Amino acid sequence: MPESPVAGKAETRAAESLSIVVAAYREGESLAHLLPRLTRAVQALVSDVEVLVVDTLEPMDETPAVCAANQVRLIRRQPTNDYGDAIRTGIAASRGEFVLIMDADGSHNPEFIRELWQHRHAAEVVIASRYTPGGRTDNPRLLVGMSRLLNHLFRLVARFPVLDVSNSFRLYRGEPLRRLRLTFRHFDILEEILAKLLWRQPDPARALEIPYHFERRIAGKSKRSLLVFGLHFLAAGYRLYRIRLRVQESDRREAVRPVA
């Protein structure tokens, strides 16, 4: 397949480049609507850009054909179909100075990438936030209530300085992101990324939240069980709490170490 402006430009590299990682699991129908909009949005924004659709280990729907028709790069997540492996695979394959991660179901509006991109130098993590003032979501009230509760509990446990810790729609600086050793398997990898950037020593990353209107999916059905998501979310909070204690203990020991 011939290389496209969206698939990446090997011959020239702009001063700033962007990789967009789209995790997909049986989202061919949604991608057929999303990718043309995404292509238009990013081509008007930055000259050196690649779109990486991270699909399942084996084809499960029409996603390969949709990616070929829209001239974007399709890669297979490794080594399992877990969401965490999709994110790890996409990050490892990215080459951009900046990396944007978004969902394939259409709840992340590609036109909003412009807002995130405009703040790319203000922080190492720019979050499309549903819960910062001015943000909102179209999800049903029960889901919104559960999401707010889980986010609140997570912030208390992990001491995150942001209001929306679970929305994947974020723009990162590429090199710090690619240096992370990420191990979480499910959607909790999103919180792991934040923790390992925001707790990084001696230079913790700065996060910036931009108000965002989270829309309902374009087509198909959600692959996320609220109960399973909640359990993974709480388990991740506990694991990160333990990591946070170790970081604090390490900082304390470093502070009291005598100067040679």
# chains A, B, ... in the order shown; residues from 1 in each chain; ligands from 1
call {"tool": "select_by_dssp", "arguments": {"residues": "region 49-252 of chain A", "states": "strand (DSSP E)", "output": "ChimeraX atom specification"}}
result
/A:49-55,73-76,98-103,125-129,136-137,170-173,207-211,213-214
call {"tool": "select_by_dssp", "arguments": {"residues": "region 164-233 of chain A", "states": "helix (DSSP H, G or I)", "output": "VMD selection string"}}
result
chain A and resid 174 to 179 189 to 198 226 to 233
call {"tool": "write_last_selection", "arguments": {"atoms": "C-alpha atoms", "output": "CSV table (one decimal), in the first residue's frame"}}
result
chain,number,residue,atom,x,y,z
A,174,GLY,CA,6.7,11.2,23.3
A,175,GLU,CA,10.1,10.4,24.8
A,176,PRO,CA,9.1,10.4,28.5
A,177,LEU,CA,6.1,8.2,27.5
A,178,ARG,CA,8.2,5.7,25.6
A,179,ARG,CA,10.7,5.4,28.5
A,189,ILE,CA,-2.8,1.3,32.4
A,190,LEU,CA,-4.2,4.8,31.9
A,191,GLU,CA,-3.7,5.5,35.6
A,192,GLU,CA,-0.4,3.7,35.6
A,193,ILE,CA,0.9,6.1,32.9
A,194,LEU,CA,-0.2,9.1,34.9
A,195,ALA,CA,1.3,7.8,38.1
A,196,LYS,CA,4.7,7.0,36.6
A,197,LEU,CA,4.9,10.4,34.9
A,198,LEU,CA,3.5,12.5,37.8
A,226,LEU,CA,-18.8,-1.4,34.2
A,227,LEU,CA,-18.4,-3.9,37.0
A,228,VAL,CA,-15.1,-5.3,35.7
A,229,PHE,CA,-13.9,-1.8,34.9
A,230,GLY,CA,-14.6,-0.7,38.5
A,231,LEU,CA,-12.9,-3.7,40.0
A,232,HIS,CA,-9.8,-3.2,37.9
A,233,PHE,CA,-9.9,0.5,38.6
call {"tool": "residues_around", "arguments": {"residues": "Thr39 (chain A)", "least_positions_apart": "2", "cutoff": "9 Å", "atoms": "only C-alpha atoms", "output": "ChimeraX atom specification"}}
result
/A:6,34-37,41-44,51,70,72,110
call {"tool": "write_last_selection", "arguments": {"atoms": "N, CA and C atoms", "output": "tab-separated table (two decimals), in the first residue's frame"}}
result
chain	number	residue	atom	x	y	z
A	6	VAL	N	-0.92	10.58	6.20
A	6	VAL	CA	-1.36	10.20	7.53
A	6	VAL	C	-0.53	9.04	8.05
A	34	LEU	N	-14.97	7.44	11.94
A	34	LEU	CA	-13.98	8.24	12.64
A	34	LEU	C	-12.78	8.61	11.78
A	35	LEU	N	-12.21	7.66	11.04
A	35	LEU	CA	-10.94	7.89	10.38
A	35	LEU	C	-10.96	9.01	9.34
A	36	PRO	N	-12.01	9.14	8.51
A	36	PRO	CA	-12.01	10.29	7.59
A	36	PRO	C	-11.99	11.63	8.33
A	37	ARG	N	-12.73	11.73	9.43
A	37	ARG	CA	-12.72	12.97	10.23
A	37	ARG	C	-11.35	13.20	10.85
A	41	ALA	N	-8.78	16.36	10.24
A	41	ALA	CA	-8.43	17.19	11.40
A	41	ALA	C	-6.92	17.31	11.57
A	42	VAL	N	-6.19	16.21	11.45
A	42	VAL	CA	-4.76	16.25	11.74
A	42	VAL	C	-3.95	16.78	10.57
A	43	GLN	N	-4.40	16.55	9.33
A	43	GLN	CA	-3.67	17.08	8.18
A	43	GLN	C	-3.68	18.60	8.18
A	44	ALA	N	-4.73	19.19	8.75
A	44	ALA	CA	-4.81	20.65	8.83
A	44	ALA	C	-4.02	21.19	10.02
A	51	VAL	N	-0.99	7.98	11.99
A	51	VAL	CA	-2.10	7.39	12.72
A	51	VAL	C	-1.88	5.90	12.80
A	70	ASN	N	-8.63	4.09	4.31
A	70	ASN	CA	-8.32	5.43	4.81
A	70	ASN	C	-6.82	5.69	4.87
A	72	VAL	N	-4.32	4.50	6.65
A	72	VAL	CA	-3.66	4.63	7.94
A	72	VAL	C	-3.00	3.29	8.29
A	110	PRO	N	-12.29	14.01	17.03
A	110	PRO	CA	-10.98	14.34	16.45
A	110	PRO	C	-10.76	15.83	16.26
call {"tool": "residues_around", "arguments": {"residues": "region 165-171 of chain A", "least_positions_apart": "3", "cutoff": "8 Å", "atoms": "only C-alpha atoms", "output": "JSON, numbers by chain"}}
result
{"A": [98, 99, 100, 101, 102, 103, 108, 116, 117, 120, 124, 125, 126, 127, 128, 129, 130, 151, 154, 155, 160, 162, 188, 190, 191, 194]}
call {"tool": "residues_around", "arguments": {"residues": "Ser19 (chain A)", "least_positions_apart": "4", "cutoff": "6 Å", "atoms": "only C-alpha atoms", "output": "PDB file with N, CA and C atoms, in the first residue's frame"}}
result
ATOM      1  N   VAL A  49       2.725  13.616  10.660  1.00  0.00           N
ATOM      2  CA  VAL A  49       1.771  12.932  11.539  1.00  0.00           C
ATOM      3  C   VAL A  49       1.575  11.502  11.058  1.00  0.00           C
ATOM      4  N   GLU A  50       1.407  10.586  12.009  1.00  0.00           N
ATOM      5  CA  GLU A  50       1.077   9.209  11.700  1.00  0.00           C
ATOM      6  C   GLU A  50      -0.099   8.785  12.566  1.00  0.00           C
ATOM      7  N   SER A  94       5.185   4.113  18.096  1.00  0.00           N
ATOM      8  CA  SER A  94       5.120   5.541  17.772  1.00  0.00           C
ATOM      9  C   SER A  94       6.510   6.122  17.592  1.00  0.00           C
ATOM     10  N   GLY A  96       6.605   9.865  17.053  1.00  0.00           N
ATOM     11  CA  GLY A  96       6.404  11.304  17.122  1.00  0.00           C
ATOM     12  C   GLY A  96       7.016  11.949  18.355  1.00  0.00           C
ATOM     13  N   VAL A  99       2.734  12.249  21.360  1.00  0.00           N
ATOM     14  CA  VAL A  99       1.903  11.057  21.155  1.00  0.00           C
ATOM     15  C   VAL A  99       0.522  11.340  21.728  1.00  0.00           C
TER      16      VAL A  99
END
call {"tool": "closest_residue", "arguments": {"among": "A:Gly237, A:Ile218, A:Leu31, A:Val21", "to": "Leu153 (chain A)", "atoms": "only C-alpha atoms"}}
result
A:Gly237
call {"tool": "residues_around", "arguments": {"residues": "Pro133 (chain A)", "least_positions_apart": "2", "cutoff": "10 Å", "atoms": "only C-alpha atoms", "output": "number ranges by chain"}}
result
A: 129-131, 135-136, 163, 209-212
